[in-house]
Amino acid sequence: MTYRTQDGTHRAAADVLVGADGIHSAVRRGLWADSDPVFQRILCWRGVTEPGSVWPVEGFQTWGRGARFGAHPLTDRRVFWFLTVRQHEPGTRYEDDRAELRRRLGDWHDPIPALLAATTPEAILCHDISDLNPLPSFADGRVVLLGDAAHAMTPFLAQGACQALEDATVLAAELRGGAVPAALARFDQLRRPRSQQVQRMARRDPAMSLSTSALVYGLATGLTRLAGRNMAGRKSARLWDWTPPVIGE
């Protein structure tokens with residue numbers, strides 16, 4: 001095997017190469033040259049409040065036209081929050097993120113303004129949201145892709161890391177014995193249908209929840225009021241309907 005680093009070109013012997021190097025995976029580009037990330041016209045801010053500054057807070061999400069805010073309690077009486085908005089061009093950034101957030105969210109319901117005020121500027125991150133188009137395979141010979149390198153997805157289902165853990169579990173089970181190429185081919189057959197289904201669901205979600213259309217926004221909020229928790233439960237059931245393989249027997 002030959003690989004290149006900033007220090008030069010190197011050779012190494014290995015039974016398998018696992019590309020778990022993220023959405024910008026160099027291993028993936030070696031297999032699929034046209035697999036660059038796809039910007040989904042979404043900008044996302046994330047932050048974590050100072051301990052005990054706004055507490056207690058139950059997890060919630062609030063939808064606006066072209067915007068979605070969510071918050072989740074963490075340990076140490078901290079709160080994680082996010083804001084996603086429609087953004088047509090990648091690379092948009094603001095000199096003062098907290099000021100921009102206050103401009104966008106200052107008149108939203110409590111405790112949203114308080115959460116922003118309780119977050120230091122250093123604790124605020126701002127990123128473009130991209131994902132991948134479905135790949136034709138996660139494996140090629142002795143090379144396999146895992147996690148975001150294989151199926152990077154938008155964060156709206158909170159499944160990116162979960163799907164990577166599922167990948168790792170299945171890969172470990174398939175590599176217990178037998179020829180490596182055959183094991184990686186089985187991994188691909190087992191993991192690609194499920195992970196790409198979740199990937200498609202995560203891409204479809206913001207088409208409604210971040211729509212700037214008054215009609216779509218009205219339909220989405222109306223259906224949510226009617227369906228309530230039942231709709232979220234049915235949606236989550238499809239994500240959780242998975243049984244891990246047994247390893248070690």
# chains A, B, ... in the order shown; residues from 1 in each chain; ligands from 1
>>> residues_around(residues="region 126-128 of chain A", least_positions_apart="5", cutoff="12 Å", atoms="only C-alpha atoms", output="PDB file with all heavy atoms, in the first residue's frame")
ATOM      1  N   PRO A  37     -18.429  16.668  -1.366  1.00  0.00           N
ATOM      2  CA  PRO A  37     -19.593  17.056  -0.563  1.00  0.00           C
ATOM      3  C   PRO A  37     -20.530  17.981  -1.335  1.00  0.00           C
ATOM      4  O   PRO A  37     -20.104  18.749  -2.207  1.00  0.00           O
ATOM      5  CB  PRO A  37     -18.970  17.769   0.639  1.00  0.00           C
ATOM      6  CG  PRO A  37     -17.590  17.204   0.737  1.00  0.00           C
ATOM      7  CD  PRO A  37     -17.159  16.965  -0.672  1.00  0.00           C
ATOM      8  N   VAL A  38     -21.819  17.903  -1.000  1.00  0.00           N
ATOM      9  CA  VAL A  38     -22.853  18.694  -1.663  1.00  0.00           C
ATOM     10  C   VAL A  38     -23.423  19.694  -0.658  1.00  0.00           C
ATOM     11  O   VAL A  38     -24.032  19.302   0.343  1.00  0.00           O
ATOM     12  CB  VAL A  38     -23.981  17.797  -2.202  1.00  0.00           C
ATOM     13  CG1 VAL A  38     -25.030  18.642  -2.916  1.00  0.00           C
ATOM     14  CG2 VAL A  38     -23.422  16.723  -3.128  1.00  0.00           C
ATOM     15  N   PHE A  39     -23.220  20.987  -0.907  1.00  0.00           N
ATOM     16  CA  PHE A  39     -23.754  22.017  -0.019  1.00  0.00           C
ATOM     17  C   PHE A  39     -25.273  22.013  -0.102  1.00  0.00           C
ATOM     18  O   PHE A  39     -25.854  22.062  -1.190  1.00  0.00           O
ATOM     19  CB  PHE A  39     -23.197  23.385  -0.418  1.00  0.00           C
ATOM     20  CG  PHE A  39     -23.740  24.532   0.380  1.00  0.00           C
ATOM     21  CD1 PHE A  39     -23.612  24.571   1.756  1.00  0.00           C
ATOM     22  CD2 PHE A  39     -24.377  25.598  -0.251  1.00  0.00           C
ATOM     23  CE1 PHE A  39     -24.107  25.624   2.502  1.00  0.00           C
ATOM     24  CE2 PHE A  39     -24.866  26.671   0.477  1.00  0.00           C
ATOM     25  CZ  PHE A  39     -24.738  26.678   1.856  1.00  0.00           C
ATOM     26  N   GLN A  40     -25.935  21.955   1.044  1.00  0.00           N
ATOM     27  CA  GLN A  40     -27.385  21.833   1.085  1.00  0.00           C
ATOM     28  C   GLN A  40     -28.106  23.157   1.328  1.00  0.00           C
ATOM     29  O   GLN A  40     -29.262  23.175   1.736  1.00  0.00           O
ATOM     30  CB  GLN A  40     -27.783  20.814   2.154  1.00  0.00           C
ATOM     31  CG  GLN A  40     -27.426  19.382   1.803  1.00  0.00           C
ATOM     32  CD  GLN A  40     -28.095  18.938   0.515  1.00  0.00           C
ATOM     33  OE1 GLN A  40     -29.294  19.171   0.302  1.00  0.00           O
ATOM     34  NE2 GLN A  40     -27.330  18.306  -0.361  1.00  0.00           N
ATOM     35  N   ARG A  41     -27.428  24.261   1.066  1.00  0.00           N
ATOM     36  CA  ARG A  41     -28.021  25.604   1.214  1.00  0.00           C
ATOM     37  C   ARG A  41     -28.508  25.836   2.634  1.00  0.00           C
ATOM     38  O   ARG A  41     -29.581  26.384   2.879  1.00  0.00           O
ATOM     39  CB  ARG A  41     -29.156  25.816   0.210  1.00  0.00           C
ATOM     40  CG  ARG A  41     -28.743  25.705  -1.234  1.00  0.00           C
ATOM     41  CD  ARG A  41     -29.849  26.052  -2.205  1.00  0.00           C
ATOM     42  NE  ARG A  41     -31.008  25.179  -2.033  1.00  0.00           N
ATOM     43  CZ  ARG A  41     -32.188  25.584  -1.595  1.00  0.00           C
ATOM     44  NH1 ARG A  41     -32.393  26.855  -1.271  1.00  0.00           N
ATOM     45  NH2 ARG A  41     -33.188  24.736  -1.477  1.00  0.00           N
ATOM     46  N   ILE A  42     -27.676  25.404   3.590  1.00  0.00           N
ATOM     47  CA  ILE A  42     -28.010  25.550   5.005  1.00  0.00           C
ATOM     48  C   ILE A  42     -26.797  26.057   5.764  1.00  0.00           C
ATOM     49  O   ILE A  42     -25.682  25.558   5.553  1.00  0.00           O
ATOM     50  CB  ILE A  42     -28.463  24.199   5.611  1.00  0.00           C
ATOM     51  CG1 ILE A  42     -29.710  23.670   4.889  1.00  0.00           C
ATOM     52  CG2 ILE A  42     -28.734  24.338   7.099  1.00  0.00           C
ATOM     53  CD1 ILE A  42     -30.046  22.241   5.244  1.00  0.00           C
ATOM     54  N   LEU A  43     -27.010  27.023   6.626  1.00  0.00           N
ATOM     55  CA  LEU A  43     -25.988  27.516   7.545  1.00  0.00           C
ATOM     56  C   LEU A  43     -26.429  27.166   8.962  1.00  0.00           C
ATOM     57  O   LEU A  43     -27.610  27.292   9.302  1.00  0.00           O
ATOM     58  CB  LEU A  43     -25.830  29.026   7.408  1.00  0.00           C
ATOM     59  CG  LEU A  43     -24.713  29.693   8.223  1.00  0.00           C
ATOM     60  CD1 LEU A  43     -23.345  29.222   7.762  1.00  0.00           C
ATOM     61  CD2 LEU A  43     -24.817  31.220   8.113  1.00  0.00           C
ATOM     62  N   CYS A  44     -25.485  26.731   9.785  1.00  0.00           N
ATOM     63  CA  CYS A  44     -25.838  26.277  11.127  1.00  0.00           C
ATOM     64  C   CYS A  44     -24.931  26.904  12.176  1.00  0.00           C
ATOM     65  O   CYS A  44     -23.704  26.887  12.029  1.00  0.00           O
ATOM     66  CB  CYS A  44     -25.726  24.752  11.198  1.00  0.00           C
ATOM     67  SG  CYS A  44     -26.131  24.053  12.820  1.00  0.00           S
ATOM     68  N   TRP A  45     -25.548  27.471  13.218  1.00  0.00           N
ATOM     69  CA  TRP A  45     -24.828  27.893  14.417  1.00  0.00           C
ATOM     70  C   TRP A  45     -25.084  26.884  15.519  1.00  0.00           C
ATOM     71  O   TRP A  45     -26.205  26.379  15.669  1.00  0.00           O
ATOM     72  CB  TRP A  45     -25.312  29.259  14.897  1.00  0.00           C
ATOM     73  CG  TRP A  45     -24.848  30.434  14.119  1.00  0.00           C
ATOM     74  CD1 TRP A  45     -23.684  31.139  14.290  1.00  0.00           C
ATOM     75  CD2 TRP A  45     -25.567  31.109  13.068  1.00  0.00           C
ATOM     76  NE1 TRP A  45     -23.622  32.188  13.410  1.00  0.00           N
ATOM     77  CE2 TRP A  45     -24.768  32.201  12.640  1.00  0.00           C
ATOM     78  CE3 TRP A  45     -26.798  30.892  12.438  1.00  0.00           C
ATOM     79  CZ2 TRP A  45     -25.164  33.063  11.634  1.00  0.00           C
ATOM     80  CZ3 TRP A  45     -27.190  31.733  11.428  1.00  0.00           C
ATOM     81  CH2 TRP A  45     -26.375  32.812  11.040  1.00  0.00           C
ATOM     82  N   ARG A  46     -24.052  26.608  16.319  1.00  0.00           N
ATOM     83  CA  ARG A  46     -24.186  25.731  17.477  1.00  0.00           C
ATOM     84  C   ARG A  46     -23.513  26.396  18.673  1.00  0.00           C
ATOM     85  O   ARG A  46     -22.488  27.068  18.514  1.00  0.00           O
ATOM     86  CB  ARG A  46     -23.532  24.367  17.228  1.00  0.00           C
ATOM     87  CG  ARG A  46     -24.099  23.577  16.062  1.00  0.00           C
ATOM     88  CD  ARG A  46     -23.317  22.285  15.892  1.00  0.00           C
ATOM     89  NE  ARG A  46     -23.842  21.429  14.831  1.00  0.00           N
ATOM     90  CZ  ARG A  46     -23.391  21.397  13.600  1.00  0.00           C
ATOM     91  NH1 ARG A  46     -22.391  22.204  13.240  1.00  0.00           N
ATOM     92  NH2 ARG A  46     -23.910  20.573  12.706  1.00  0.00           N
ATOM     93  N   GLY A  47     -24.080  26.171  19.851  1.00  0.00           N
ATOM     94  CA  GLY A  47     -23.475  26.748  21.048  1.00  0.00           C
ATOM     95  C   GLY A  47     -23.818  25.945  22.282  1.00  0.00           C
ATOM     96  O   GLY A  47     -24.749  25.133  22.280  1.00  0.00           O
ATOM     97  N   PHE A  82     -28.932  25.017  18.834  1.00  0.00           N
ATOM     98  CA  PHE A  82     -28.517  25.230  17.443  1.00  0.00           C
ATOM     99  C   PHE A  82     -29.547  26.092  16.731  1.00  0.00           C
ATOM    100  O   PHE A  82     -30.723  26.149  17.117  1.00  0.00           O
ATOM    101  CB  PHE A  82     -28.355  23.890  16.703  1.00  0.00           C
ATOM    102  CG  PHE A  82     -29.658  23.169  16.452  1.00  0.00           C
ATOM    103  CD1 PHE A  82     -30.431  23.443  15.332  1.00  0.00           C
ATOM    104  CD2 PHE A  82     -30.123  22.209  17.351  1.00  0.00           C
ATOM    105  CE1 PHE A  82     -31.634  22.786  15.107  1.00  0.00           C
ATOM    106  CE2 PHE A  82     -31.322  21.548  17.136  1.00  0.00           C
ATOM    107  CZ  PHE A  82     -32.084  21.837  16.004  1.00  0.00           C
ATOM    108  N   LEU A  83     -29.094  26.752  15.701  1.00  0.00           N
ATOM    109  CA  LEU A  83     -29.972  27.463  14.773  1.00  0.00           C
ATOM    110  C   LEU A  83     -29.536  27.103  13.361  1.00  0.00           C
ATOM    111  O   LEU A  83     -28.362  27.276  13.013  1.00  0.00           O
ATOM    112  CB  LEU A  83     -29.894  28.979  14.964  1.00  0.00           C
ATOM    113  CG  LEU A  83     -30.653  29.785  13.888  1.00  0.00           C
ATOM    114  CD1 LEU A  83     -32.160  29.572  14.007  1.00  0.00           C
ATOM    115  CD2 LEU A  83     -30.300  31.271  13.943  1.00  0.00           C
ATOM    116  N   THR A  84     -30.455  26.611  12.543  1.00  0.00           N
ATOM    117  CA  THR A  84     -30.189  26.367  11.132  1.00  0.00           C
ATOM    118  C   THR A  84     -31.062  27.301  10.311  1.00  0.00           C
ATOM    119  O   THR A  84     -32.236  27.520  10.629  1.00  0.00           O
ATOM    120  CB  THR A  84     -30.486  24.912  10.736  1.00  0.00           C
ATOM    121  OG1 THR A  84     -31.813  24.559  11.151  1.00  0.00           O
ATOM    122  CG2 THR A  84     -29.498  23.964  11.387  1.00  0.00           C
ATOM    123  N   VAL A  85     -30.486  27.857   9.256  1.00  0.00           N
ATOM    124  CA  VAL A  85     -31.211  28.782   8.386  1.00  0.00           C
ATOM    125  C   VAL A  85     -30.877  28.468   6.935  1.00  0.00           C
ATOM    126  O   VAL A  85     -29.840  27.865   6.627  1.00  0.00           O
ATOM    127  CB  VAL A  85     -30.840  30.259   8.691  1.00  0.00           C
ATOM    128  CG1 VAL A  85     -31.184  30.633  10.119  1.00  0.00           C
ATOM    129  CG2 VAL A  85     -29.364  30.519   8.401  1.00  0.00           C
ATOM    130  N   ARG A  86     -31.750  28.885   6.051  1.00  0.00           N
ATOM    131  CA  ARG A  86     -31.484  28.770   4.630  1.00  0.00           C
ATOM    132  C   ARG A  86     -30.393  29.762   4.231  1.00  0.00           C
ATOM    133  O   ARG A  86     -30.422  30.922   4.628  1.00  0.00           O
ATOM    134  CB  ARG A  86     -32.737  29.050   3.822  1.00  0.00           C
ATOM    135  CG  ARG A  86     -33.659  27.858   3.679  1.00  0.00           C
ATOM    136  CD  ARG A  86     -33.009  26.755   2.883  1.00  0.00           C
ATOM    137  NE  ARG A  86     -33.842  25.559   2.815  1.00  0.00           N
ATOM    138  CZ  ARG A  86     -33.363  24.379   2.524  1.00  0.00           C
ATOM    139  NH1 ARG A  86     -32.073  24.204   2.311  1.00  0.00           N
ATOM    140  NH2 ARG A  86     -34.160  23.339   2.462  1.00  0.00           N
ATOM    141  N   GLN A  87     -29.418  29.291   3.476  1.00  0.00           N
ATOM    142  CA  GLN A  87     -28.320  30.136   3.018  1.00  0.00           C
ATOM    143  C   GLN A  87     -27.926  29.646   1.628  1.00  0.00           C
ATOM    144  O   GLN A  87     -27.472  28.515   1.479  1.00  0.00           O
ATOM    145  CB  GLN A  87     -27.119  30.030   3.966  1.00  0.00           C
ATOM    146  CG  GLN A  87     -25.956  30.921   3.590  1.00  0.00           C
ATOM    147  CD  GLN A  87     -26.324  32.386   3.722  1.00  0.00           C
ATOM    148  OE1 GLN A  87     -26.827  32.818   4.753  1.00  0.00           O
ATOM    149  NE2 GLN A  87     -26.087  33.147   2.664  1.00  0.00           N
ATOM    150  N   HIS A  88     -28.126  30.461   0.625  1.00  0.00           N
ATOM    151  CA  HIS A  88     -27.988  29.989  -0.755  1.00  0.00           C
ATOM    152  C   HIS A  88     -26.544  29.817  -1.210  1.00  0.00           C
ATOM    153  O   HIS A  88     -26.273  29.024  -2.115  1.00  0.00           O
ATOM    154  CB  HIS A  88     -28.740  30.918  -1.709  1.00  0.00           C
ATOM    155  CG  HIS A  88     -30.223  30.879  -1.511  1.00  0.00           C
ATOM    156  ND1 HIS A  88     -30.991  29.799  -1.862  1.00  0.00           N
ATOM    157  CD2 HIS A  88     -31.072  31.778  -0.951  1.00  0.00           C
ATOM    158  CE1 HIS A  88     -32.257  30.024  -1.562  1.00  0.00           C
ATOM    159  NE2 HIS A  88     -32.329  31.222  -1.002  1.00  0.00           N
ATOM    160  N   GLU A  89     -25.620  30.515  -0.590  1.00  0.00           N
ATOM    161  CA  GLU A  89     -24.217  30.404  -0.988  1.00  0.00           C
ATOM    162  C   GLU A  89     -23.377  29.922   0.189  1.00  0.00           C
ATOM    163  O   GLU A  89     -23.562  30.397   1.313  1.00  0.00           O
ATOM    164  CB  GLU A  89     -23.679  31.754  -1.483  1.00  0.00           C
ATOM    165  CG  GLU A  89     -24.367  32.276  -2.731  1.00  0.00           C
ATOM    166  CD  GLU A  89     -24.141  31.383  -3.934  1.00  0.00           C
ATOM    167  OE1 GLU A  89     -23.085  30.705  -3.982  1.00  0.00           O
ATOM    168  OE2 GLU A  89     -24.999  31.369  -4.838  1.00  0.00           O
ATOM    169  N   PRO A  90     -22.428  29.010  -0.048  1.00  0.00           N
ATOM    170  CA  PRO A  90     -21.562  28.567   1.051  1.00  0.00           C
ATOM    171  C   PRO A  90     -20.533  29.633   1.404  1.00  0.00           C
ATOM    172  O   PRO A  90     -20.241  30.531   0.613  1.00  0.00           O
ATOM    173  CB  PRO A  90     -20.877  27.322   0.469  1.00  0.00           C
ATOM    174  CG  PRO A  90     -20.851  27.574  -1.012  1.00  0.00           C
ATOM    175  CD  PRO A  90     -22.114  28.322  -1.319  1.00  0.00           C
ATOM    176  N   GLY A  91     -20.004  29.549   2.598  1.00  0.00           N
ATOM    177  CA  GLY A  91     -18.915  30.426   3.009  1.00  0.00           C
ATOM    178  C   GLY A  91     -19.346  31.729   3.650  1.00  0.00           C
ATOM    179  O   GLY A  91     -18.491  32.554   3.986  1.00  0.00           O
ATOM    180  N   THR A  92     -20.634  31.952   3.850  1.00  0.00           N
ATOM    181  CA  THR A  92     -21.094  33.185   4.499  1.00  0.00           C
ATOM    182  C   THR A  92     -20.740  33.150   5.981  1.00  0.00           C
ATOM    183  O   THR A  92     -21.055  32.196   6.686  1.00  0.00           O
ATOM    184  CB  THR A  92     -22.614  33.346   4.341  1.00  0.00           C
ATOM    185  OG1 THR A  92     -22.945  33.398   2.956  1.00  0.00           O
ATOM    186  CG2 THR A  92     -23.097  34.607   5.049  1.00  0.00           C
ATOM    187  N   ARG A  93     -20.069  34.185   6.455  1.00  0.00           N
ATOM    188  CA  ARG A  93     -19.703  34.265   7.860  1.00  0.00           C
ATOM    189  C   ARG A  93     -19.936  35.689   8.364  1.00  0.00           C
ATOM    190  O   ARG A  93     -20.030  36.636   7.573  1.00  0.00           O
ATOM    191  CB  ARG A  93     -18.230  33.871   8.073  1.00  0.00           C
ATOM    192  CG  ARG A  93     -17.912  32.431   7.720  1.00  0.00           C
ATOM    193  CD  ARG A  93     -18.621  31.455   8.646  1.00  0.00           C
ATOM    194  NE  ARG A  93     -18.291  30.074   8.351  1.00  0.00           N
ATOM    195  CZ  ARG A  93     -18.990  29.299   7.514  1.00  0.00           C
ATOM    196  NH1 ARG A  93     -20.044  29.783   6.883  1.00  0.00           N
ATOM    197  NH2 ARG A  93     -18.623  28.047   7.302  1.00  0.00           N
ATOM    198  N   TYR A  94     -20.028  35.831   9.683  1.00  0.00           N
ATOM    199  CA  TYR A  94     -20.346  37.111  10.296  1.00  0.00           C
ATOM    200  C   TYR A  94     -19.254  37.491  11.288  1.00  0.00           C
ATOM    201  O   TYR A  94     -18.699  36.628  11.980  1.00  0.00           O
ATOM    202  CB  TYR A  94     -21.700  37.043  10.997  1.00  0.00           C
ATOM    203  CG  TYR A  94     -22.826  36.757  10.036  1.00  0.00           C
ATOM    204  CD1 TYR A  94     -23.198  35.447   9.734  1.00  0.00           C
ATOM    205  CD2 TYR A  94     -23.499  37.794   9.399  1.00  0.00           C
ATOM    206  CE1 TYR A  94     -24.220  35.180   8.835  1.00  0.00           C
ATOM    207  CE2 TYR A  94     -24.523  37.542   8.501  1.00  0.00           C
ATOM    208  CZ  TYR A  94     -24.869  36.228   8.220  1.00  0.00           C
ATOM    209  OH  TYR A  94     -25.881  35.969   7.325  1.00  0.00           O
ATOM    210  N   GLU A  95     -18.953  38.762  11.351  1.00  0.00           N
ATOM    211  CA  GLU A  95     -17.887  39.242  12.236  1.00  0.00           C
ATOM    212  C   GLU A  95     -18.237  38.978  13.695  1.00  0.00           C
ATOM    213  O   GLU A  95     -17.360  38.656  14.505  1.00  0.00           O
ATOM    214  CB  GLU A  95     -17.655  40.735  12.005  1.00  0.00           C
ATOM    215  CG  GLU A  95     -16.518  41.314  12.824  1.00  0.00           C
ATOM    216  CD  GLU A  95     -16.240  42.767  12.484  1.00  0.00           C
ATOM    217  OE1 GLU A  95     -16.773  43.249  11.458  1.00  0.00           O
ATOM    218  OE2 GLU A  95     -15.496  43.409  13.248  1.00  0.00           O
ATOM    219  N   ASP A  96     -19.524  39.086  14.043  1.00  0.00           N
ATOM    220  CA  ASP A  96     -19.980  38.871  15.414  1.00  0.00           C
ATOM    221  C   ASP A  96     -21.165  37.919  15.361  1.00  0.00           C
ATOM    222  O   ASP A  96     -22.303  38.329  15.098  1.00  0.00           O
ATOM    223  CB  ASP A  96     -20.382  40.208  16.044  1.00  0.00           C
ATOM    224  CG  ASP A  96     -20.708  40.079  17.535  1.00  0.00           C
ATOM    225  OD1 ASP A  96     -21.104  38.980  17.965  1.00  0.00           O
ATOM    226  OD2 ASP A  96     -20.582  41.098  18.244  1.00  0.00           O
ATOM    227  N   ASP A  97     -20.899  36.633  15.611  1.00  0.00           N
ATOM    228  CA  ASP A  97     -21.967  35.637  15.499  1.00  0.00           C
ATOM    229  C   ASP A  97     -23.083  35.875  16.502  1.00  0.00           C
ATOM    230  O   ASP A  97     -24.270  35.729  16.172  1.00  0.00           O
ATOM    231  CB  ASP A  97     -21.393  34.228  15.704  1.00  0.00           C
ATOM    232  CG  ASP A  97     -20.645  33.730  14.488  1.00  0.00           C
ATOM    233  OD1 ASP A  97     -21.193  33.829  13.372  1.00  0.00           O
ATOM    234  OD2 ASP A  97     -19.514  33.237  14.639  1.00  0.00           O
ATOM    235  N   ARG A  98     -22.727  36.231  17.726  1.00  0.00           N
ATOM    236  CA  ARG A  98     -23.768  36.405  18.727  1.00  0.00           C
ATOM    237  C   ARG A  98     -24.663  37.591  18.385  1.00  0.00           C
ATOM    238  O   ARG A  98     -25.884  37.531  18.578  1.00  0.00           O
ATOM    239  CB  ARG A  98     -23.169  36.556  20.123  1.00  0.00           C
ATOM    240  CG  ARG A  98     -24.217  36.427  21.213  1.00  0.00           C
ATOM    241  CD  ARG A  98     -23.647  36.060  22.553  1.00  0.00           C
ATOM    242  NE  ARG A  98     -22.779  37.088  23.101  1.00  0.00           N
ATOM    243  CZ  ARG A  98     -22.374  37.121  24.365  1.00  0.00           C
ATOM    244  NH1 ARG A  98     -22.742  36.163  25.193  1.00  0.00           N
ATOM    245  NH2 ARG A  98     -21.579  38.073  24.800  1.00  0.00           N
ATOM    246  N   GLU A 100     -25.355  38.601  15.371  1.00  0.00           N
ATOM    247  CA  GLU A 100     -26.207  38.152  14.268  1.00  0.00           C
ATOM    248  C   GLU A 100     -27.325  37.249  14.774  1.00  0.00           C
ATOM    249  O   GLU A 100     -28.479  37.336  14.331  1.00  0.00           O
ATOM    250  CB  GLU A 100     -25.359  37.417  13.232  1.00  0.00           C
ATOM    251  CG  GLU A 100     -26.136  36.860  12.043  1.00  0.00           C
ATOM    252  CD  GLU A 100     -26.824  37.925  11.209  1.00  0.00           C
ATOM    253  OE1 GLU A 100     -26.421  39.109  11.287  1.00  0.00           O
ATOM    254  OE2 GLU A 100     -27.762  37.576  10.464  1.00  0.00           O
ATOM    255  N   LEU A 101     -27.005  36.390  15.722  1.00  0.00           N
ATOM    256  CA  LEU A 101     -28.021  35.524  16.303  1.00  0.00           C
ATOM    257  C   LEU A 101     -29.080  36.329  17.060  1.00  0.00           C
ATOM    258  O   LEU A 101     -30.280  36.040  16.979  1.00  0.00           O
ATOM    259  CB  LEU A 101     -27.364  34.512  17.240  1.00  0.00           C
ATOM    260  CG  LEU A 101     -26.550  33.417  16.549  1.00  0.00           C
ATOM    261  CD1 LEU A 101     -25.606  32.755  17.541  1.00  0.00           C
ATOM    262  CD2 LEU A 101     -27.473  32.384  15.919  1.00  0.00           C
ATOM    263  N   PRO A 121     -19.011  34.089  23.299  1.00  0.00           N
ATOM    264  CA  PRO A 121     -18.681  34.070  21.868  1.00  0.00           C
ATOM    265  C   PRO A 121     -17.773  32.904  21.485  1.00  0.00           C
ATOM    266  O   PRO A 121     -17.898  32.352  20.388  1.00  0.00           O
ATOM    267  CB  PRO A 121     -17.992  35.420  21.661  1.00  0.00           C
ATOM    268  CG  PRO A 121     -18.551  36.298  22.728  1.00  0.00           C
ATOM    269  CD  PRO A 121     -18.759  35.400  23.912  1.00  0.00           C
ATOM    270  N   THR A 154     -27.038  15.329   6.610  1.00  0.00           N
ATOM    271  CA  THR A 154     -27.366  16.530   7.371  1.00  0.00           C
ATOM    272  C   THR A 154     -27.696  16.126   8.808  1.00  0.00           C
ATOM    273  O   THR A 154     -28.041  14.970   9.078  1.00  0.00           O
ATOM    274  CB  THR A 154     -28.570  17.269   6.759  1.00  0.00           C
ATOM    275  OG1 THR A 154     -29.764  16.528   7.010  1.00  0.00           O
ATOM    276  CG2 THR A 154     -28.390  17.486   5.261  1.00  0.00           C
ATOM    277  N   PRO A 155     -27.632  17.055   9.765  1.00  0.00           N
ATOM    278  CA  PRO A 155     -27.783  16.690  11.179  1.00  0.00           C
ATOM    279  C   PRO A 155     -29.217  16.610  11.676  1.00  0.00           C
ATOM    280  O   PRO A 155     -29.441  16.419  12.870  1.00  0.00           O
ATOM    281  CB  PRO A 155     -27.041  17.825  11.891  1.00  0.00           C
ATOM    282  CG  PRO A 155     -27.242  19.004  11.002  1.00  0.00           C
ATOM    283  CD  PRO A 155     -27.196  18.461   9.601  1.00  0.00           C
TER     284      PRO A 155
END
>>> select_by_dssp(residues="region 12-242 of chain A", states="alpha helix (DSSP H)", output="ChimeraX atom specification")
/A:26-31,97-105,112-117,148-151,160-174,180-209,214-227,229-240
>>> atom_distance(atom1="CA of Ala164 (chain A)", atom2="CA of Phe80 (chain A)")
21.7 Å
